[in-house]
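File shown: work_24.txt (compact mmCIF, C-alpha atoms (C1' of nucleotides)).
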```txt
# COMPACT_ATOMS: atom_id res chain seq x y z
CA MET Q 1 0.00 0.00 0.00
CA GLY Q 2 3.02 2.25 -0.36
CA MET Q 3 3.93 1.65 3.25
CA ASP Q 4 6.80 -0.66 2.46
CA THR Q 5 9.51 1.96 2.45
CA ALA Q 6 11.72 -0.28 4.54
CA VAL Q 7 11.48 -3.65 2.86
CA SER Q 8 11.32 -3.77 -0.93
CA SER Q 9 9.70 -6.32 -3.14
CA THR Q 10 12.45 -7.98 -5.13
CA GLY Q 11 15.30 -7.70 -2.70
CA ALA Q 12 17.46 -6.31 -5.47
CA ARG Q 13 16.46 -2.85 -4.36
CA ALA Q 14 17.45 -3.67 -0.81
CA ARG Q 15 20.83 -4.96 -1.91
CA THR Q 16 21.60 -1.90 -4.00
CA ARG Q 17 20.47 0.36 -1.21
CA ARG Q 18 22.80 -1.35 1.21
CA ALA Q 19 25.71 -1.13 -1.22
CA ILE Q 20 25.19 2.62 -1.60
CA LEU Q 21 24.78 3.08 2.14
CA ASP Q 22 27.94 1.14 2.94
CA ALA Q 23 29.98 2.79 0.23
CA GLY Q 24 28.67 6.16 1.30
CA THR Q 25 29.69 5.52 4.88
CA ALA Q 26 33.19 4.47 3.88
CA VAL Q 27 33.74 7.30 1.42
CA LEU Q 28 32.21 10.11 3.48
CA ALA Q 29 34.04 8.94 6.58
CA GLN Q 30 37.32 9.61 4.85
CA ASN Q 31 36.23 12.78 3.07
CA PRO Q 32 32.93 14.37 4.11
CA THR Q 33 32.92 16.53 0.97
CA ALA Q 34 33.32 13.68 -1.50
CA SER Q 35 31.03 13.92 -4.51
CA LEU Q 36 28.11 11.62 -5.14
CA ALA Q 37 30.01 10.37 -8.19
CA ASP Q 38 32.70 9.11 -5.80
CA VAL Q 39 30.10 7.34 -3.71
CA ALA Q 40 28.52 5.82 -6.79
CA ALA Q 41 31.88 4.58 -8.02
CA ALA Q 42 32.70 3.08 -4.62
CA ALA Q 43 29.33 1.35 -4.56
CA GLY Q 44 29.86 0.03 -8.06
CA VAL Q 45 26.71 1.66 -9.39
CA GLY Q 46 25.92 4.54 -11.73
CA ARG Q 47 25.55 8.04 -10.43
CA THR Q 48 21.93 8.18 -11.53
CA THR Q 49 21.16 5.09 -9.52
CA VAL Q 50 22.27 6.88 -6.39
CA HIS Q 51 19.78 9.63 -7.16
CA ARG Q 52 17.11 7.04 -7.77
CA TYR Q 53 17.48 5.85 -4.18
CA PHE Q 54 18.26 9.16 -2.54
CA ALA Q 55 16.81 12.14 -4.36
CA GLU Q 56 19.10 14.73 -2.78
CA ARG Q 57 22.49 14.51 -1.19
CA SER Q 58 21.02 15.33 2.19
CA ASP Q 59 18.72 12.34 1.87
CA LEU Q 60 21.72 10.06 1.51
CA VAL Q 61 23.52 11.72 4.40
CA ASP Q 62 20.45 11.41 6.60
CA ALA Q 63 20.02 7.76 5.67
CA ILE Q 64 23.65 7.08 6.51
CA GLY Q 65 23.14 8.82 9.82
CA MET Q 66 20.14 6.66 10.65
CA ASP Q 67 22.01 3.58 9.55
CA VAL Q 68 24.93 4.37 11.84
CA LEU Q 69 22.54 5.03 14.70
CA ASP Q 70 21.01 1.62 14.08
CA LYS Q 71 24.41 -0.01 14.18
CA ILE Q 72 25.21 1.80 17.41
CA GLY Q 73 21.93 0.63 18.85
CA ALA Q 74 22.65 -2.96 17.94
CA ALA Q 75 26.18 -2.73 19.29
CA THR Q 76 24.88 -1.30 22.54
CA ASP Q 77 22.43 -4.16 22.92
CA ARG Q 78 25.13 -6.74 22.28
CA ALA Q 79 27.22 -5.18 25.03
CA ARG Q 80 24.47 -5.78 27.61
CA PRO Q 81 24.98 -2.42 29.35
CA ASP Q 82 22.94 -3.40 32.41
CA ASP Q 83 24.86 -6.56 33.26
CA GLY Q 84 27.66 -6.79 35.78
CA PRO Q 85 29.93 -4.06 37.10
CA ALA Q 86 29.54 -0.77 35.23
CA LEU Q 87 33.21 -0.46 34.37
CA THR Q 88 33.20 -3.92 32.83
CA ALA Q 89 30.05 -3.13 30.88
CA LEU Q 90 31.62 0.08 29.66
CA GLU Q 91 34.59 -1.90 28.40
CA ARG Q 92 32.23 -4.20 26.51
CA ILE Q 93 30.58 -1.18 24.95
CA CYS Q 94 33.98 0.16 24.00
CA GLN Q 95 34.85 -3.10 22.27
CA GLU Q 96 31.57 -3.26 20.41
CA TYR Q 97 31.78 0.36 19.28
CA PHE Q 98 35.35 -0.15 18.17
CA GLU Q 99 34.15 -2.79 15.73
CA LEU Q 100 31.92 -0.23 14.04
CA GLY Q 101 35.02 1.01 12.27
CA GLU Q 102 34.48 3.69 9.64
CA SER Q 103 31.13 4.55 11.13
CA LEU Q 104 32.92 6.07 14.09
CA ALA Q 105 34.31 8.82 11.91
CA ILE Q 106 30.80 9.64 10.68
CA ILE Q 107 29.55 10.18 14.20
CA PHE Q 108 32.58 12.11 15.29
CA ASP Q 109 32.81 14.39 12.31
CA GLU Q 110 31.32 17.81 12.82
CA SER Q 111 31.25 18.90 9.22
CA MET Q 112 28.84 16.03 8.68
CA ALA Q 113 26.57 17.13 11.49
CA ALA Q 114 26.65 20.62 10.00
CA THR Q 115 24.80 19.50 6.90
CA TRP Q 116 22.33 17.52 8.92
CA ASN Q 117 18.76 18.59 8.43
CA TRP Q 118 17.38 15.63 10.20
CA GLU Q 119 14.74 16.27 12.77
CA SER Q 120 15.37 13.63 15.40
CA TRP Q 121 19.11 14.05 15.47
CA GLU Q 122 19.55 16.18 18.53
CA GLU Q 123 17.28 14.06 20.63
CA ASP Q 124 18.81 11.14 22.46
CA THR Q 125 18.70 7.65 21.07
CA GLU Q 126 17.76 4.70 23.22
CA ALA Q 127 21.43 3.75 23.02
CA ASP Q 128 22.44 7.19 24.31
CA ARG Q 129 20.11 6.78 27.23
CA ALA Q 130 21.35 3.27 27.98
CA LEU Q 131 24.93 4.50 27.96
CA ALA Q 132 24.11 7.43 30.23
CA ARG Q 133 22.25 5.08 32.54
CA LEU Q 134 25.25 2.78 32.66
CA VAL Q 135 27.63 5.60 33.51
CA ASP Q 136 25.31 6.94 36.18
CA ARG Q 137 25.12 3.50 37.69
CA GLY Q 138 28.88 3.22 37.70
CA ARG Q 139 29.31 6.53 39.45
CA GLU Q 140 26.92 5.45 42.17
CA GLU Q 141 28.41 1.99 42.42
CA GLY Q 142 31.84 3.47 42.81
CA THR Q 143 33.36 1.63 39.85
CA LEU Q 144 33.48 4.87 37.85
CA ASP Q 145 35.07 8.12 38.94
CA GLY Q 146 32.45 10.25 40.70
CA ARG Q 147 34.53 13.40 40.17
CA LEU Q 148 33.80 13.16 36.45
CA ASP Q 149 30.28 13.95 35.35
CA THR Q 150 28.38 11.63 33.06
CA ASP Q 151 28.70 13.72 29.90
CA TRP Q 152 32.43 13.98 30.27
CA ILE Q 153 32.87 10.26 30.68
CA VAL Q 154 30.80 9.59 27.58
CA GLN Q 155 32.78 12.13 25.57
CA VAL Q 156 36.07 10.65 26.73
CA LEU Q 157 34.89 7.22 25.66
CA TRP Q 158 34.10 8.47 22.16
CA SER Q 159 37.32 10.40 21.77
CA LEU Q 160 39.41 7.44 22.89
CA LEU Q 161 37.58 5.31 20.36
CA TYR Q 162 38.30 7.84 17.67
CA VAL Q 163 41.99 8.01 18.52
CA ALA Q 164 42.22 4.22 18.64
CA TRP Q 165 40.54 3.93 15.27
CA GLN Q 166 42.91 6.44 13.74
CA ARG Q 167 45.77 4.38 15.11
CA ASN Q 168 44.27 1.30 13.56
CA ARG Q 169 44.13 3.10 10.24
CA GLY Q 170 47.73 4.15 10.67
CA GLY Q 171 48.85 0.56 10.28
CA ASP Q 172 48.75 -0.65 13.85
CA THR Q 173 47.01 -3.90 14.79
CA LYS Q 174 43.35 -3.79 15.67
CA HIS Q 175 44.12 -5.74 18.80
CA ASN Q 176 46.89 -3.38 19.79
CA ALA Q 177 44.82 -0.26 19.28
CA LEU Q 178 41.89 -1.71 21.17
CA SER Q 179 44.09 -2.80 24.07
CA LEU Q 180 45.51 0.69 24.46
CA CYS Q 181 42.03 2.11 24.23
CA LEU Q 182 40.58 -0.15 26.91
CA TYR Q 183 43.54 0.27 29.22
CA THR Q 184 43.39 4.04 28.94
CA LEU Q 185 39.62 4.02 29.38
CA ARG Q 186 39.89 2.05 32.62
CA LYS Q 187 42.53 4.38 33.98
CA SER Q 188 40.84 7.59 32.99
CA VAL Q 189 37.21 7.03 33.93
CA GLY Q 190 37.57 4.23 36.45
CA ALA Q 191 37.34 5.00 40.16
CA PRO Q 192 40.60 6.42 41.54
CA SER Q 193 42.54 3.87 43.54
CA MET G 1 63.59 44.51 -2.49
CA GLY G 2 60.51 42.39 -2.58
CA MET G 3 61.87 40.24 0.16
CA ASP G 4 59.66 41.75 2.81
CA THR G 5 56.90 39.19 2.52
CA ALA G 6 56.64 38.96 6.28
CA VAL G 7 56.65 42.57 7.45
CA SER G 8 54.89 45.12 5.30
CA SER G 9 55.61 48.78 4.90
CA THR G 10 52.55 50.56 6.18
CA GLY G 11 51.41 48.17 8.82
CA ALA G 12 47.92 48.38 7.40
CA ARG G 13 48.70 45.35 5.27
CA ALA G 14 49.83 43.47 8.35
CA ARG G 15 46.66 44.35 10.20
CA THR G 16 44.38 43.28 7.39
CA ARG G 17 46.34 40.08 6.94
CA ARG G 18 45.91 39.27 10.61
CA ALA G 19 42.20 40.02 10.48
CA ILE G 20 41.74 37.62 7.57
CA LEU G 21 43.91 34.98 9.21
CA ASP G 22 42.01 35.19 12.50
CA ALA G 23 38.62 35.23 10.85
CA GLY G 24 39.66 32.37 8.61
CA THR G 25 40.74 30.32 11.60
CA ALA G 26 37.48 30.95 13.43
CA VAL G 27 35.25 30.30 10.44
CA LEU G 28 37.07 27.28 9.04
CA ALA G 29 37.33 25.77 12.50
CA GLN G 30 33.56 25.61 12.65
CA ASN G 31 33.00 24.66 9.03
CA PRO G 32 36.01 23.57 6.96
CA THR G 33 34.02 24.00 3.73
CA ALA G 34 32.95 27.56 4.38
CA SER G 35 33.26 29.84 1.36
CA LEU G 36 35.81 32.61 1.07
CA ALA G 37 32.90 35.03 1.06
CA ASP G 38 32.10 33.83 4.58
CA VAL G 39 35.67 34.36 5.66
CA ALA G 40 35.72 37.83 4.12
CA ALA G 41 32.49 38.77 5.87
CA ALA G 42 33.79 37.50 9.19
CA ALA G 43 36.98 39.49 8.70
CA GLY G 44 35.01 42.59 7.81
CA VAL G 45 36.66 42.95 4.43
CA GLY G 46 35.62 42.54 0.82
CA ARG G 47 35.97 39.22 -0.90
CA THR G 48 38.42 40.62 -3.42
CA THR G 49 40.64 41.80 -0.59
CA VAL G 50 40.99 38.24 0.59
CA HIS G 51 42.16 37.24 -2.88
CA ARG G 52 44.55 40.16 -2.85
CA TYR G 53 46.30 38.67 0.18
CA PHE G 54 45.87 35.02 -0.66
CA ALA G 55 45.63 34.32 -4.35
CA GLU G 56 44.05 30.89 -4.01
CA ARG G 57 42.05 29.23 -1.28
CA SER G 58 44.87 26.82 -0.59
CA ASP G 59 47.18 29.76 0.04
CA LEU G 60 44.88 30.96 2.78
CA VAL G 61 44.54 27.50 4.25
CA ASP G 62 48.29 27.03 4.20
CA ALA G 63 48.86 30.40 5.85
CA ILE G 64 46.35 29.53 8.56
CA GLY G 65 48.15 26.24 9.07
CA MET G 66 51.49 27.97 9.46
CA ASP G 67 49.94 30.52 11.78
CA VAL G 68 48.51 27.83 14.01
CA LEU G 69 51.83 26.02 14.05
CA ASP G 70 53.47 29.27 15.14
CA LYS G 71 50.98 29.63 17.96
CA ILE G 72 51.60 26.07 19.03
CA GLY G 73 55.32 26.69 18.96
CA ALA G 74 54.98 29.77 21.14
CA ALA G 75 52.63 27.97 23.54
CA THR G 76 55.09 25.10 23.81
CA ASP G 77 57.92 27.47 24.65
CA ARG G 78 55.85 29.20 27.31
CA ALA G 79 55.15 25.84 28.93
CA ARG G 80 58.90 25.19 29.41
CA PRO G 81 58.66 21.49 28.49
CA ASP G 82 62.10 20.67 29.85
CA ASP G 83 61.57 22.03 33.36
CA GLY G 84 60.53 19.98 36.35
CA PRO G 85 58.71 16.64 36.46
CA ALA G 86 57.45 15.52 33.08
CA LEU G 87 53.85 15.08 34.20
CA THR G 88 53.79 18.63 35.56
CA ALA G 89 55.32 19.97 32.37
CA LEU G 90 52.72 18.07 30.36
CA GLU G 91 49.99 19.72 32.40
CA ARG G 92 51.51 23.12 31.64
CA ILE G 93 51.48 22.26 27.96
CA CYS G 94 47.88 21.17 28.23
CA GLN G 95 46.93 24.50 29.81
CA GLU G 96 48.77 26.51 27.18
CA TYR G 97 47.29 24.54 24.30
CA PHE G 98 43.84 24.87 25.76
CA GLU G 99 44.16 28.63 25.47
CA LEU G 100 44.64 28.29 21.72
CA GLY G 101 40.91 27.87 21.44
CA GLU G 102 39.50 27.68 17.91
CA SER G 103 42.90 26.79 16.54
CA LEU G 104 42.59 23.38 18.18
CA ALA G 105 39.80 22.45 15.82
CA ILE G 106 41.98 23.39 12.84
CA ILE G 107 44.70 21.01 13.93
CA PHE G 108 42.31 18.27 14.82
CA ASP G 109 40.21 18.41 11.70
CA GLU G 110 41.09 15.91 9.02
CA SER G 111 39.13 17.41 6.18
CA MET G 112 41.42 20.38 6.55
CA ALA G 113 44.55 18.27 6.33
CA ALA G 114 43.06 16.66 3.25
CA THR G 115 43.24 19.89 1.27
CA TRP G 116 46.72 20.59 2.52
CA ASN G 117 49.25 20.90 -0.25
CA TRP G 118 51.86 22.28 2.03
CA GLU G 119 55.27 20.76 1.83
CA SER G 120 56.55 20.87 5.38
CA TRP G 121 53.34 19.70 6.95
CA GLU G 122 54.12 16.07 7.49
CA GLU G 123 57.50 16.71 8.94
CA ASP G 124 57.68 17.34 12.67
CA THR G 125 57.75 20.82 14.09
CA GLU G 126 60.22 21.76 16.78
CA ALA G 127 57.21 21.81 19.11
CA ASP G 128 56.33 18.26 18.10
CA ARG G 129 59.84 17.14 18.90
CA ALA G 130 59.87 18.98 22.23
CA LEU G 131 56.60 17.33 23.18
CA ALA G 132 57.81 13.89 22.16
CA ARG G 133 61.03 14.50 24.10
CA LEU G 134 59.04 15.47 27.15
CA VAL G 135 56.88 12.37 27.00
CA ASP G 136 59.91 10.14 26.49
CA ARG G 137 61.54 11.72 29.49
CA GLY G 138 58.43 11.15 31.58
CA ARG G 139 58.25 7.49 30.64
CA GLU G 140 61.87 7.01 31.69
CA GLU G 141 61.44 9.09 34.83
CA GLY G 142 58.46 7.04 35.79
CA THR G 143 56.06 9.97 36.08
CA LEU G 144 54.28 8.87 32.89
CA ASP G 145 52.82 5.45 32.19
CA GLY G 146 55.47 3.30 30.51
CA ARG G 147 52.83 0.90 29.21
CA LEU G 148 51.61 3.63 26.85
CA ASP G 149 53.85 4.48 23.94
CA THR G 150 54.79 8.06 23.20
CA ASP G 151 52.51 8.51 20.18
CA TRP G 152 49.49 7.30 22.08
CA ILE G 153 50.10 9.69 24.97
CA VAL G 154 50.42 12.61 22.58
CA GLN G 155 47.23 11.63 20.78
CA VAL G 156 45.33 11.28 24.04
CA LEU G 157 46.51 14.73 25.06
CA TRP G 158 45.17 16.24 21.85
CA SER G 159 41.88 14.43 21.96
CA LEU G 160 41.26 15.42 25.58
CA LEU G 161 41.99 19.00 24.60
CA TYR G 162 39.51 18.74 21.78
CA VAL G 163 36.79 17.31 23.99
CA ALA G 164 37.43 19.96 26.63
CA TRP G 165 37.20 22.70 24.06
CA GLN G 166 33.94 21.35 22.72
CA ARG G 167 32.63 21.38 26.27
CA ASN G 168 33.76 24.95 26.62
CA ARG G 169 31.82 25.81 23.48
CA GLY G 170 28.82 24.00 24.86
CA GLY G 171 28.41 26.65 27.51
CA ASP G 172 30.56 25.29 30.31
CA THR G 173 33.15 27.41 32.09
CA LYS G 174 36.62 27.50 30.66
CA HIS G 175 37.96 26.77 34.12
CA ASN G 176 35.66 23.83 34.57
CA ALA G 177 36.50 22.29 31.20
CA LEU G 178 40.21 22.75 31.76
CA SER G 179 40.05 21.22 35.24
CA LEU G 180 38.33 18.11 33.91
CA CYS G 181 40.84 17.92 31.11
CA LEU G 182 43.88 18.16 33.39
CA TYR G 183 42.46 15.74 35.93
CA THR G 184 41.66 13.19 33.26
CA LEU G 185 45.05 13.69 31.64
CA ARG G 186 46.86 12.99 34.92
CA LYS G 187 44.83 9.88 35.50
CA SER G 188 45.10 8.50 31.99
CA VAL G 189 48.74 9.04 31.09
CA GLY G 190 50.30 9.39 34.53
CA ALA G 191 52.17 6.47 36.04
CA PRO G 192 49.85 3.86 37.55
CA SER G 193 49.72 4.11 41.32
C1' DC S 1 46.76 69.09 1.24
C1' DG S 2 47.87 65.62 -2.32
C1' DA S 3 49.79 61.36 -3.99
C1' DA S 4 50.17 56.58 -3.17
C1' DA S 5 48.33 52.68 -0.93
C1' DA S 6 44.50 50.02 0.17
C1' DT S 7 39.91 48.78 -0.24
C1' DG S 8 34.95 47.64 -1.79
C1' DG S 9 31.96 46.19 -5.17
C1' DA S 10 30.35 45.03 -9.59
C1' DA S 11 30.89 42.18 -13.40
C1' DC S 12 32.55 38.23 -15.72
C1' DA S 13 34.21 33.54 -17.10
C1' DG S 14 35.23 28.99 -15.64
C1' DC S 15 34.55 24.90 -13.09
C1' DG S 16 32.74 21.13 -10.66
C1' DA S 17 28.84 19.20 -8.30
C1' DT S 18 24.01 18.60 -8.35
C1' DG S 19 19.70 17.07 -9.91
C1' DT S 20 16.78 15.74 -13.96
C1' DT S 21 15.41 13.40 -18.18
C1' DC S 22 15.65 10.19 -21.74
C1' DT S 23 17.32 6.14 -24.13
C1' DA S 24 19.22 1.71 -24.43
C1' DC S 25 20.89 -2.35 -22.25
C1' DT S 26 20.80 -6.36 -18.97
C1' DG S 27 18.95 -10.02 -16.38
C1' DC S 28 15.21 -12.23 -14.18
C1' DC S 29 10.71 -14.49 -13.77
C1' DG S 30 6.39 -15.92 -15.36
C1' DC M 1 9.72 -16.27 -25.33
C1' DG M 2 8.19 -11.78 -23.87
C1' DG M 3 7.46 -8.42 -20.55
C1' DC M 4 9.30 -5.95 -16.65
C1' DA M 5 12.25 -4.24 -12.91
C1' DG M 6 16.56 -2.39 -12.47
C1' DT M 7 20.33 -0.17 -14.27
C1' DA M 8 24.09 2.54 -16.96
C1' DG M 9 25.25 6.34 -19.37
C1' DA M 10 24.79 10.41 -22.07
C1' DA M 11 23.03 14.88 -22.22
C1' DC M 12 21.38 18.93 -20.19
C1' DA M 13 20.21 22.97 -17.12
C1' DT M 14 21.36 24.98 -12.87
C1' DC M 15 23.76 26.58 -9.00
C1' DG M 16 27.36 28.14 -5.93
C1' DC M 17 32.15 28.95 -5.40
C1' DT M 18 36.36 30.46 -7.40
C1' DG M 19 39.52 33.48 -9.34
C1' DT M 20 40.16 37.74 -12.17
C1' DT M 21 39.60 42.40 -13.91
C1' DC M 22 38.29 47.02 -13.61
C1' DC M 23 36.89 51.26 -11.54
C1' DA M 24 35.35 54.29 -7.89
C1' DT M 25 36.13 55.36 -3.23
C1' DT M 26 38.35 55.59 1.10
C1' DT M 27 42.34 55.54 4.02
C1' DT M 28 46.92 56.38 5.11
C1' DC M 29 50.91 58.95 5.41
C1' DG M 30 54.61 62.13 3.81
```

Can I see the file as structure tokens?
Amino acid sequence: MGMDTAVSSTGARARTRRAILDAGTAVLAQNPTASLADVAAAAGVGRTTVHRYFAERSDLVDAIGMDVLDKIGAATDRARPDDGPALTALERICQEYFELGESLAIIFDESMAATWNWESWEEDTEADRALARLVDRGREEGTLDGRLDTDWIVQVLWSLLYVAWQRNRGGDTKHNALSLCLYTLRKSVGAPS
Amino acid sequence: MGMDTAVSSTGARARTRRAILDAGTAVLAQNPTASLADVAAAAGVGRTTVHRYFAERSDLVDAIGMDVLDKIGAATDRARPDDGPALTALERICQEYFELGESLAIIFDESMAATWNWESWEEDTEADRALARLVDRGREEGTLDGRLDTDWIVQVLWSLLYVAWQRNRGGDTKHNALSLCLYTLRKSVGAPS
DNA sequence: CGAAAATGGAACAGCGATGTTCTACTGCCG
DNA sequence: CGGCAGTAGAACATCGCTGTTCCATTTTCG
């Protein structure tokens, strides 16, 4: 009835859409000002096909944003933020987020957020709330540093992830980068000893 | 003799140049793809005047880059990186860098570095070397965490500065943001207790 | 004051990205 | 086999930014 905007009939549409979305994420993560022709080339489709799926550039950017938010949501769920000691749960979240790879750059990049028309962008996701809840819990438990407020801890987590991912790009091992990230996270936001 | 590219005759040229450079830093820090018209408006000069000082966009971007590097160099000197315990010196550096404000975003932003033609950009500045020297010293002294390599510590410093500056923008007190930054820096890169 | 320096603004051409339309090709499924 | 969904690619108009030129005006300074 025209309501099937999410799932398409043949499945070919869905596959192409995913290819464009993934290519778009990869390309725009490296260069937020890349042209749609670049995205099309990376996705292995024609430039007009991109426009067939996303009328305007902003539509593509918004869709990528939503897609990344979905991935973050799924990653957050996998990390079981409400299980066990808060610091341990935070480490699990860190590991899961680290696996998101290129998507991290999308979230972190400001020049992307600048061109974001999207309505429900400023408002918190369920994942945001879960993370905030987790940090709050940790501060009350005493496993996280009470001298640091919740926002700060969340920001530090993201920035450490970003730095670790850059290091990964720079040729270092994934395992190595993640280890440094987790170790530093524990030290910086964990309760002082 | 045409060699006076640095200092100009009247001093009016120097003032205008500074205005454009400062405005350019502020504007491009917030939006790396801002037009030269935006920069001109922010500087309070005509668009053609900008082109009179910087023939191409890349010339302006390069000049801003050099300017920021100069500021970082001066800030590093003020922090006396070779005096006293390494951790204390690193805190002084953190304070000085924090004062650089908008310029931090310029350094941190990748989409800026992408459009950077500039020759001597990859190679280390004297400030970079001084900072690396300081961190090395700290790791040998035992005041910095030997389990973290020098590069990582430097990266963490920059990312904490970036997060703190964002927080400052977000309405928080400078003092508050800097305190959090320094406290977190000590905890994260200081020697484990 | 008066000349030189510096500026603002209009006007223009060029360029690359965007978004649209149309045509022809491919592969899939009934 | 024949129709149909999906696609590529060419062609086109448009738009905003860039870089340049020219001229009138203002500022600076001797």

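Going from atom CA of Ala191 of chain Q over to atom CA of Ala79 of chain Q, you cover 20.9 Å.
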
> Excluding same-chain residues fewer than 6 positions from DG6 of chain M, what lies within 9 Å of it counting only C-alpha atoms (C1' of nucleotides), as an MDAnalysis selection string?
Replying inline: (chainID Q and resid 12:13) or (chainID S and resid 26:27)

>> Can you pull out the residues contacting DG3 of chain M? Cut-off 12 Å, using all atoms listed in the file, and skip same-chain residues under 3 positions away; I want them as a ChimeraX atom specification.
In response: /S:28-30

Please produce a file of those selected residues containing C-alpha atoms (C1' of nucleotides), as a PDB file, keeping the file's coordinate frame.
```
ATOM      1  C1'  DC S  28      15.210 -12.230 -14.180  1.00  0.00           C
ATOM      2  C1'  DC S  29      10.710 -14.490 -13.770  1.00  0.00           C
ATOM      3  C1'  DG S  30       6.390 -15.920 -15.360  1.00  0.00           C
TER       4       DG S  30
END
```

Env of segment 8-21 of chain M: 12 Å cut, atoms = all atoms listed in the file, seq-sep filter 6 positions within chain, self excluded. Answer as a CSV table (one decimal) with C-alpha atoms (C1' of nucleotides), keeping the file's coordinate frame.
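part24.csv written:
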```
chain,number,residue,atom,x,y,z
Q,40,ALA,CA,28.5,5.8,-6.8
Q,44,GLY,CA,29.9,0.0,-8.1
Q,45,VAL,CA,26.7,1.7,-9.4
Q,46,GLY,CA,25.9,4.5,-11.7
Q,47,ARG,CA,25.6,8.0,-10.4
Q,48,THR,CA,21.9,8.2,-11.5
Q,49,THR,CA,21.2,5.1,-9.5
Q,50,VAL,CA,22.3,6.9,-6.4
G,33,THR,CA,34.0,24.0,3.7
G,34,ALA,CA,33.0,27.6,4.4
G,35,SER,CA,33.3,29.8,1.4
G,36,LEU,CA,35.8,32.6,1.1
G,37,ALA,CA,32.9,35.0,1.1
G,38,ASP,CA,32.1,33.8,4.6
G,47,ARG,CA,36.0,39.2,-0.9
G,48,THR,CA,38.4,40.6,-3.4
G,50,VAL,CA,41.0,38.2,0.6
G,51,HIS,CA,42.2,37.2,-2.9
G,52,ARG,CA,44.6,40.2,-2.8
G,54,PHE,CA,45.9,35.0,-0.7
G,55,ALA,CA,45.6,34.3,-4.4
G,56,GLU,CA,44.0,30.9,-4.0
G,57,ARG,CA,42.0,29.2,-1.3
G,58,SER,CA,44.9,26.8,-0.6
S,10,DA,C1',30.4,45.0,-9.6
S,11,DA,C1',30.9,42.2,-13.4
S,12,DC,C1',32.6,38.2,-15.7
S,13,DA,C1',34.2,33.5,-17.1
S,14,DG,C1',35.2,29.0,-15.6
S,15,DC,C1',34.6,24.9,-13.1
S,16,DG,C1',32.7,21.1,-10.7
S,17,DA,C1',28.8,19.2,-8.3
S,18,DT,C1',24.0,18.6,-8.4
S,19,DG,C1',19.7,17.1,-9.9
S,20,DT,C1',16.8,15.7,-14.0
S,21,DT,C1',15.4,13.4,-18.2
S,22,DC,C1',15.6,10.2,-21.7
S,23,DT,C1',17.3,6.1,-24.1
S,24,DA,C1',19.2,1.7,-24.4
S,25,DC,C1',20.9,-2.4,-22.2
S,26,DT,C1',20.8,-6.4,-19.0
```

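Excluding segment 150-153 of chain Q itself and same-chain residues fewer than 6 positions from it, the residues having an atom within 7 Å of it are Ala132, Val135, Asp136 and Val189 of chain Q, counting all atoms listed in the file.
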
With 6 Å of padding per side, what axis-aligned box (centre and edge lengths, Å, one decimal) covers all the listed atoms of segment 25-44 of chain Q? Give it as lines of an AutoDock Vina configuration file.
```
center_x = 32.7
center_y = 8.3
center_z = -0.8
size_x = 21.2
size_y = 28.5
size_z = 26.8
```

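Atom CA of Ala23 of chain Q is positioned 5.6 Å from atom CA of Ala42 of chain Q.
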
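Atom CA of Glu91 of chain Q is found 7.8 Å from atom CA of Arg186 of chain Q.
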
> What residues in chain S have any atom no more than 9 Å from chain G when counting all atoms listed in the file, and can you write them as a ChimeraX atom specification?
Replying inline: /S:5-9

> Counting all atoms listed in the file, which residues of chain G come no farther than 12 Å from chain Q, as a ChimeraX atom specification?
Replying inline: /G:28-34,105,108-115,145-168,170,172,176-193

Contacts of segment 74-77 of chain G at 12 Å (only C-alpha atoms (C1' of nucleotides); same-chain gap of 5+ positions) as a tab-separated table (two decimals) with C-alpha atoms, in the frame of the given file:
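File written: out_33.tsv
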```
chain	number	residue	atom	x	y	z
G	67	ASP	CA	49.94	30.52	11.78
G	68	VAL	CA	48.51	27.83	14.01
G	69	LEU	CA	51.83	26.02	14.05
G	82	ASP	CA	62.10	20.67	29.85
G	83	ASP	CA	61.57	22.03	33.36
G	89	ALA	CA	55.32	19.97	32.37
G	90	LEU	CA	52.72	18.07	30.36
G	91	GLU	CA	49.99	19.72	32.40
G	92	ARG	CA	51.51	23.12	31.64
G	93	ILE	CA	51.48	22.26	27.96
G	94	CYS	CA	47.88	21.17	28.23
G	95	GLN	CA	46.93	24.50	29.81
G	96	GLU	CA	48.77	26.51	27.18
G	97	TYR	CA	47.29	24.54	24.30
G	98	PHE	CA	43.84	24.87	25.76
G	99	GLU	CA	44.16	28.63	25.47
G	100	LEU	CA	44.64	28.29	21.72
G	101	GLY	CA	40.91	27.87	21.44
G	125	THR	CA	57.75	20.82	14.09
G	126	GLU	CA	60.22	21.76	16.78
G	127	ALA	CA	57.21	21.81	19.11
G	128	ASP	CA	56.33	18.26	18.10
G	129	ARG	CA	59.84	17.14	18.90
G	130	ALA	CA	59.87	18.98	22.23
G	131	LEU	CA	56.60	17.33	23.18
G	132	ALA	CA	57.81	13.89	22.16
G	134	LEU	CA	59.04	15.47	27.15
```

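Nearest residue to chain M among Q:Leu21, Q:Tyr53, Q:Thr143, Q:Lys71 is Q:Tyr53, counting all atoms listed in the file.
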
Could segment 9-18 of chain S be written out with C-alpha atoms (C1' of nucleotides), as a tab-separated table (two decimals), in the first residue's frame, please?
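As a result, part.tsv now contains:
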```
chain	number	residue	atom	x	y	z
S	9	DG	C1'	31.96	46.19	-5.17
S	10	DA	C1'	30.35	45.03	-9.59
S	11	DA	C1'	30.89	42.18	-13.40
S	12	DC	C1'	32.55	38.23	-15.72
S	13	DA	C1'	34.21	33.54	-17.10
S	14	DG	C1'	35.23	28.99	-15.64
S	15	DC	C1'	34.55	24.90	-13.09
S	16	DG	C1'	32.74	21.13	-10.66
S	17	DA	C1'	28.84	19.20	-8.30
S	18	DT	C1'	24.01	18.60	-8.35
```
